[in-house]
>>> print(open('model_23.cif').read())   # mmCIF, C-alpha atoms
data_data
#
loop_
_atom_site.label_atom_id
_atom_site.label_comp_id
_atom_site.auth_asym_id
_atom_site.auth_seq_id
_atom_site.Cartn_x
_atom_site.Cartn_y
_atom_site.Cartn_z
CA MET A 8 193.45 81.48 -28.77
CA THR A 9 189.92 82.82 -29.26
CA GLU A 10 188.49 82.80 -32.77
CA LYS A 11 187.99 86.15 -34.49
CA THR A 12 184.66 86.52 -36.33
CA ALA A 13 183.93 89.15 -38.97
CA LEU A 14 180.40 90.55 -38.81
CA THR A 15 178.30 91.74 -41.75
CA PRO A 16 174.55 91.94 -41.05
CA LYS A 17 172.13 91.37 -43.93
CA THR A 18 171.29 95.07 -43.79
CA HIS A 19 174.85 95.98 -44.80
CA THR A 20 176.73 95.76 -48.08
CA THR A 21 179.89 93.71 -48.36
CA PRO A 22 182.79 96.03 -47.51
CA PRO A 23 184.61 97.34 -50.60
CA ALA A 24 188.04 96.39 -49.22
CA ARG A 25 189.54 93.89 -46.78
CA PHE A 26 187.85 95.14 -43.64
CA SER A 27 184.79 94.16 -41.64
CA HIS A 28 181.78 96.12 -40.42
CA GLY A 29 182.47 94.57 -37.04
CA VAL A 30 184.69 91.97 -35.42
CA ARG A 31 184.07 89.83 -32.37
CA LYS A 32 186.96 88.15 -30.58
CA GLY A 33 186.32 86.59 -27.21
CA GLY A 34 184.40 89.08 -25.11
CA ILE A 35 185.20 92.09 -27.27
CA LEU A 36 183.17 93.38 -30.19
CA GLN A 37 184.47 96.31 -32.25
CA VAL A 38 182.04 98.03 -34.58
CA ALA A 39 183.82 99.77 -37.45
CA GLY A 40 182.83 103.30 -38.39
CA GLN A 41 179.26 103.32 -39.66
CA VAL A 42 177.49 106.01 -41.65
CA GLY A 43 173.84 106.74 -42.41
CA PHE A 44 173.33 104.42 -45.37
CA LEU A 45 169.91 102.81 -45.69
CA PRO A 46 169.75 99.00 -45.56
CA ALA A 47 171.46 97.39 -48.53
CA VAL A 48 169.48 96.57 -51.66
CA GLU A 49 171.04 94.01 -54.03
CA GLY A 50 172.43 95.67 -57.14
CA ARG A 51 172.07 99.23 -55.84
CA PRO A 52 174.81 101.48 -54.50
CA PRO A 53 174.68 102.55 -50.84
CA THR A 54 172.18 105.37 -50.34
CA PRO A 55 172.21 107.92 -47.50
CA ALA A 56 169.09 107.95 -45.29
CA GLY A 57 168.53 111.58 -46.20
CA PRO A 58 170.23 114.92 -46.34
CA THR A 59 169.61 115.93 -42.70
CA LEU A 60 171.77 115.25 -39.67
CA ARG A 61 168.74 113.74 -37.88
CA GLU A 62 168.03 111.21 -40.66
CA GLN A 63 171.67 110.23 -40.97
CA THR A 64 172.30 110.03 -37.21
CA LEU A 65 169.31 107.79 -36.57
CA GLN A 66 170.24 105.51 -39.48
CA THR A 67 173.88 105.42 -38.36
CA LEU A 68 172.81 104.37 -34.85
CA ALA A 69 170.54 101.70 -36.39
CA ASN A 70 173.50 100.44 -38.44
CA VAL A 71 175.74 100.24 -35.35
CA LYS A 72 172.96 98.44 -33.47
CA ALA A 73 172.58 95.89 -36.30
CA ILE A 74 176.26 94.97 -36.01
CA LEU A 75 176.08 94.77 -32.22
CA GLU A 76 173.11 92.39 -32.52
CA GLU A 77 174.86 90.34 -35.23
CA GLY A 78 177.66 89.81 -32.71
CA GLY A 79 175.31 88.82 -29.89
CA SER A 80 175.53 92.17 -28.16
CA GLY A 81 173.53 95.32 -27.55
CA TRP A 82 173.84 98.91 -26.41
CA ASP A 83 174.23 97.91 -22.74
CA ASP A 84 177.51 96.18 -23.64
CA VAL A 85 178.98 99.27 -25.32
CA VAL A 86 181.73 100.93 -23.28
CA MET A 87 182.92 103.50 -25.85
CA ILE A 88 181.34 105.38 -28.74
CA ARG A 89 183.22 107.69 -31.08
CA VAL A 90 181.23 110.17 -33.17
CA TYR A 91 182.72 111.98 -36.14
CA LEU A 92 180.87 115.01 -37.50
CA THR A 93 181.69 116.94 -40.67
CA ASP A 94 180.51 120.27 -39.27
CA VAL A 95 181.28 121.78 -35.86
CA ASP A 96 177.86 123.48 -35.96
CA HIS A 97 176.19 120.04 -35.70
CA PHE A 98 177.40 119.29 -32.15
CA ALA A 99 174.31 120.56 -30.30
CA GLU A 100 171.81 118.96 -32.68
CA MET A 101 173.67 115.63 -32.62
CA ASN A 102 173.70 115.67 -28.80
CA GLU A 103 169.91 116.18 -28.73
CA ILE A 104 169.33 113.34 -31.20
CA TYR A 105 171.81 111.08 -29.35
CA ASP A 106 170.22 111.75 -25.94
CA ALA A 107 166.68 111.13 -27.21
CA TYR A 108 167.75 107.94 -29.01
CA PHE A 109 169.39 106.40 -25.95
CA GLU A 110 166.53 107.47 -23.70
CA ALA A 111 164.15 105.59 -26.04
CA GLU A 112 166.53 102.58 -25.95
CA ASN A 113 166.31 102.62 -22.12
CA LEU A 114 170.09 102.76 -21.80
CA THR A 115 170.73 102.99 -18.06
CA ALA A 116 174.50 103.50 -18.04
CA PRO A 117 175.70 105.52 -21.02
CA PRO A 118 179.04 104.57 -22.54
CA ALA A 119 182.03 106.84 -22.61
CA ALA A 120 181.89 108.96 -25.75
CA ARG A 121 184.03 111.22 -27.84
CA THR A 122 182.88 113.54 -30.61
CA THR A 123 185.20 115.20 -33.07
CA VAL A 124 184.97 117.02 -36.37
CA TYR A 125 186.28 115.07 -39.32
CA VAL A 126 185.93 116.38 -42.85
CA GLY A 127 187.03 113.25 -44.73
CA LEU A 128 183.65 111.55 -45.15
CA PRO A 129 182.30 111.00 -48.67
CA ALA A 130 180.23 113.85 -50.11
CA GLY A 131 176.78 114.18 -48.55
CA LEU A 132 177.58 112.19 -45.40
CA LEU A 133 177.44 114.18 -42.16
CA ILE A 134 178.24 111.66 -39.41
CA GLU A 135 180.15 108.45 -38.69
CA ILE A 136 179.98 106.41 -35.47
CA ASP A 137 182.03 103.47 -34.20
CA ALA A 138 181.63 101.54 -30.96
CA LEU A 139 183.46 99.13 -28.69
CA ALA A 140 181.48 96.57 -26.69
CA VAL A 141 182.62 94.21 -23.96
CA LEU A 142 180.44 91.11 -23.66
CA GLY A 143 179.90 88.87 -20.71
#
>>> encode(input="model_23.cif", output="structure tokens")
Amino acid sequence: MTEKTALTPKTHTTPPARFSHGVRKGGILQVAGQVGFLPAVEGRPPTPAGPTLREQTLQTLANVKAILEEGGSGWDDVVMIRVYLTDVDHFAEMNEIYDAYFEAENLTAPPAARTTVYVGLPAGLLIEIDALAVLG
């Protein structure tokens, strides 16, 4: 049986409960839902990147990328991304930010993606993203 490895990059806080920011098992890496918190600072609570969708989306993508890299992966290994927005009016803006981000990352084959509206994020957070990568 393949070992399962929990992933917590140095940029992330220790999860507040018994879950991991990401898990790698064999050739699969699952990134848990990430939000737009700035890199962790010892002794300080998590802080959103800013109040705008752009700031939070870019930081959320950076947080997902940090976990992918911690697990020996990258965007080219991602086969599925799920995006959760708190406001249906943010779809178009998020798509523009998303497209520009992955163009800058030189992603040649975009992953499958799903975007939905979810209103259960903590106050002030506008977006959450998770990802599934297949390595090898």
>>> closest_residue(input="model_23.cif", among="A:Val30, A:Ala130, A:Leu45, A:Leu114", to="Val86 (chain A)", atoms="all atoms listed in the file")
A:Leu114
>>> atom_distance(input="model_23.cif", atom1="CA of Ile136 (chain A)", atom2="CA of Arg121 (chain A)")
9.9 Å
>>> axis_aligned_box(input="model_23.cif", around="region 57-62 of chain A", padding_each_side="4 Å", output="JSON")
{"center_x": 169.9, "center_y": 113.6, "center_z": -42.1, "size_x": 11.7, "size_y": 12.7, "size_z": 16.5}
>>> closest_residue(input="model_23.cif", among="A:Ile134, A:Leu142, A:Ala120, A:Ile35", to="Thr93 (chain A)", atoms="only C-alpha atoms")
A:Ile134
>>> residues_near_point(input="model_23.cif", point="(177.3, 94.4, -24.8)", cutoff="8 Å", atoms="all atoms listed in the file", output="list in words")
Leu75, Gly79, Ser80, Gly81, Trp82, Asp83, Asp84, Val85, Ala140, Val141, Leu142 and Gly143 of chain A
>>> write_last_selection(input="model_23.cif", atoms="C-alpha atoms", output="PDB file, in the frame of the given file")
ATOM      1  CA  LEU A  75     176.080  94.770 -32.220  1.00  0.00           C
ATOM      2  CA  GLY A  79     175.310  88.820 -29.890  1.00  0.00           C
ATOM      3  CA  SER A  80     175.530  92.170 -28.160  1.00  0.00           C
ATOM      4  CA  GLY A  81     173.530  95.320 -27.550  1.00  0.00           C
ATOM      5  CA  TRP A  82     173.840  98.910 -26.410  1.00  0.00           C
ATOM      6  CA  ASP A  83     174.230  97.910 -22.740  1.00  0.00           C
ATOM      7  CA  ASP A  84     177.510  96.180 -23.640  1.00  0.00           C
ATOM      8  CA  VAL A  85     178.980  99.270 -25.320  1.00  0.00           C
ATOM      9  CA  ALA A 140     181.480  96.570 -26.690  1.00  0.00           C
ATOM     10  CA  VAL A 141     182.620  94.210 -23.960  1.00  0.00           C
ATOM     11  CA  LEU A 142     180.440  91.110 -23.660  1.00  0.00           C
ATOM     12  CA  GLY A 143     179.900  88.870 -20.710  1.00  0.00           C
TER      13      GLY A 143
END
>>> residues_around(input="model_23.cif", residues="Thr21 (chain A)", least_positions_apart="6", cutoff="12 Å", atoms="only C-alpha atoms", output="list in words")
Ala13, Leu14, Thr15, Ser27, His28, Gly29, Pro46, Ala47, Val48, Glu49, Gly50, Pro52 and Pro53 of chain A
>>> closest_residue(input="model_23.cif", among="A:Gly40, A:Pro58, A:Gly131, A:Gly34", to="Pro22 (chain A)", atoms="only C-alpha atoms")
A:Gly40
>>> residues_around(input="model_23.cif", residues="region 105-112 of chain A", least_positions_apart="6", cutoff="9 Å", atoms="only C-alpha atoms", output="number ranges by chain")
A: 64-65, 68, 82
>>> closest_residue(input="model_23.cif", among="A:Gln41, A:Ile88, A:Arg51, A:Asn102", to="Pro118 (chain A)", atoms="all atoms listed in the file")
A:Ile88
>>> atom_distance(input="model_23.cif", atom1="CA of Pro129 (chain A)", atom2="CA of Lys32 (chain A)")
29.5 Å
>>> closest_residue(input="model_23.cif", among="A:Thr115, A:Thr59, A:Thr9, A:Thr18", to="Ile74 (chain A)", atoms="all atoms listed in the file")
A:Thr18
>>> closest_residue(input="model_23.cif", among="A:Met101, A:Val90, A:Ala69, A:Ala138", to="His19 (chain A)", atoms="only C-alpha atoms")
A:Ala69
>>> atom_distance(input="model_23.cif", atom1="CA of Glu77 (chain A)", atom2="CA of Pro16 (chain A)")
6.0 Å
>>> residues_around(input="model_23.cif", residues="Gly43 (chain A)", least_positions_apart="6", cutoff="9 Å", atoms="only C-alpha atoms", output="compact mmCIF listing (two decimals) with C-alpha atoms, in the coordinates of the input")
# COMPACT_ATOMS: atom_id res chain seq x y z
CA THR A 54 172.18 105.37 -50.34
CA PRO A 55 172.21 107.92 -47.50
CA ALA A 56 169.09 107.95 -45.29
CA GLY A 57 168.53 111.58 -46.20
CA GLU A 62 168.03 111.21 -40.66
CA GLN A 63 171.67 110.23 -40.97
CA THR A 64 172.30 110.03 -37.21
CA LEU A 65 169.31 107.79 -36.57
CA GLN A 66 170.24 105.51 -39.48
CA THR A 67 173.88 105.42 -38.36
CA LEU A 68 172.81 104.37 -34.85
CA ALA A 69 170.54 101.70 -36.39
CA ASN A 70 173.50 100.44 -38.44
CA LEU A 132 177.58 112.19 -45.40
CA LEU A 133 177.44 114.18 -42.16
CA ILE A 134 178.24 111.66 -39.41
CA GLU A 135 180.15 108.45 -38.69
>>> build_atoms(input="model_23.cif", residues="region 92-110 of chain A", atoms="N, CA, C and O atoms", output="mmCIF file, in the coordinates of the input")
data_model
loop_
_atom_site.group_PDB
_atom_site.id
_atom_site.type_symbol
_atom_site.label_atom_id
_atom_site.label_comp_id
_atom_site.auth_asym_id
_atom_site.auth_seq_id
_atom_site.Cartn_x
_atom_site.Cartn_y
_atom_site.Cartn_z
ATOM 1 N N LEU A 92 181.755 114.106 -36.778
ATOM 2 C CA LEU A 92 180.870 115.010 -37.500
ATOM 3 C C LEU A 92 181.664 115.764 -38.556
ATOM 4 O O LEU A 92 182.860 116.001 -38.383
ATOM 5 N N THR A 93 181.002 116.171 -39.624
ATOM 6 C CA THR A 93 181.690 116.940 -40.670
ATOM 7 C C THR A 93 181.545 118.437 -40.478
ATOM 8 O O THR A 93 182.149 119.204 -41.216
ATOM 9 N N ASP A 94 180.751 118.847 -39.476
ATOM 10 C CA ASP A 94 180.510 120.270 -39.270
ATOM 11 C C ASP A 94 180.422 120.555 -37.772
ATOM 12 O O ASP A 94 179.584 119.977 -37.066
ATOM 13 N N VAL A 95 181.266 121.446 -37.286
ATOM 14 C CA VAL A 95 181.280 121.780 -35.860
ATOM 15 C C VAL A 95 179.926 122.331 -35.409
ATOM 16 O O VAL A 95 179.539 122.177 -34.249
ATOM 17 N N ASP A 96 179.171 122.931 -36.303
ATOM 18 C CA ASP A 96 177.860 123.480 -35.960
ATOM 19 C C ASP A 96 176.815 122.401 -35.687
ATOM 20 O O ASP A 96 175.711 122.715 -35.238
ATOM 21 N N HIS A 97 177.133 121.141 -35.920
ATOM 22 C CA HIS A 97 176.190 120.040 -35.700
ATOM 23 C C HIS A 97 176.273 119.433 -34.296
ATOM 24 O O HIS A 97 175.474 118.555 -33.959
ATOM 25 N N PHE A 98 177.225 119.884 -33.477
ATOM 26 C CA PHE A 98 177.400 119.290 -32.150
ATOM 27 C C PHE A 98 176.115 119.300 -31.323
ATOM 28 O O PHE A 98 175.698 118.266 -30.803
ATOM 29 N N ALA A 99 175.493 120.456 -31.159
ATOM 30 C CA ALA A 99 174.310 120.560 -30.300
ATOM 31 C C ALA A 99 173.162 119.708 -30.818
ATOM 32 O O ALA A 99 172.521 118.981 -30.049
ATOM 33 N N GLU A 100 172.902 119.759 -32.117
ATOM 34 C CA GLU A 100 171.810 118.960 -32.680
ATOM 35 C C GLU A 100 172.087 117.468 -32.518
ATOM 36 O O GLU A 100 171.192 116.694 -32.156
ATOM 37 N N MET A 101 173.336 117.054 -32.772
ATOM 38 C CA MET A 101 173.670 115.630 -32.620
ATOM 39 C C MET A 101 173.485 115.202 -31.172
ATOM 40 O O MET A 101 172.946 114.128 -30.908
ATOM 41 N N ASN A 102 173.877 116.022 -30.214
ATOM 42 C CA ASN A 102 173.700 115.670 -28.800
ATOM 43 C C ASN A 102 172.235 115.484 -28.448
ATOM 44 O O ASN A 102 171.877 114.564 -27.704
ATOM 45 N N GLU A 103 171.355 116.327 -28.974
ATOM 46 C CA GLU A 103 169.910 116.180 -28.730
ATOM 47 C C GLU A 103 169.388 114.877 -29.312
ATOM 48 O O GLU A 103 168.629 114.154 -28.655
ATOM 49 N N ILE A 104 169.768 114.567 -30.541
ATOM 50 C CA ILE A 104 169.330 113.340 -31.200
ATOM 51 C C ILE A 104 169.858 112.125 -30.440
ATOM 52 O O ILE A 104 169.125 111.166 -30.173
ATOM 53 N N TYR A 105 171.129 112.154 -30.088
ATOM 54 C CA TYR A 105 171.810 111.080 -29.350
ATOM 55 C C TYR A 105 171.111 110.823 -28.014
ATOM 56 O O TYR A 105 170.784 109.681 -27.677
ATOM 57 N N ASP A 106 170.877 111.899 -27.243
ATOM 58 C CA ASP A 106 170.220 111.750 -25.940
ATOM 59 C C ASP A 106 168.827 111.143 -26.076
ATOM 60 O O ASP A 106 168.459 110.233 -25.327
ATOM 61 N N ALA A 107 168.035 111.640 -27.018
ATOM 62 C CA ALA A 107 166.680 111.130 -27.210
ATOM 63 C C ALA A 107 166.711 109.663 -27.655
ATOM 64 O O ALA A 107 165.889 108.852 -27.192
ATOM 65 N N TYR A 108 167.646 109.321 -28.533
ATOM 66 C CA TYR A 108 167.750 107.940 -29.010
ATOM 67 C C TYR A 108 168.026 106.991 -27.850
ATOM 68 O O TYR A 108 167.351 105.976 -27.692
ATOM 69 N N PHE A 109 169.033 107.315 -27.033
ATOM 70 C CA PHE A 109 169.390 106.400 -25.950
ATOM 71 C C PHE A 109 168.374 106.402 -24.817
ATOM 72 O O PHE A 109 168.225 105.397 -24.129
ATOM 73 N N GLU A 110 167.634 107.482 -24.659
ATOM 74 C CA GLU A 110 166.530 107.470 -23.700
ATOM 75 C C GLU A 110 165.465 106.489 -24.184
ATOM 76 O O GLU A 110 164.946 105.686 -23.408
#
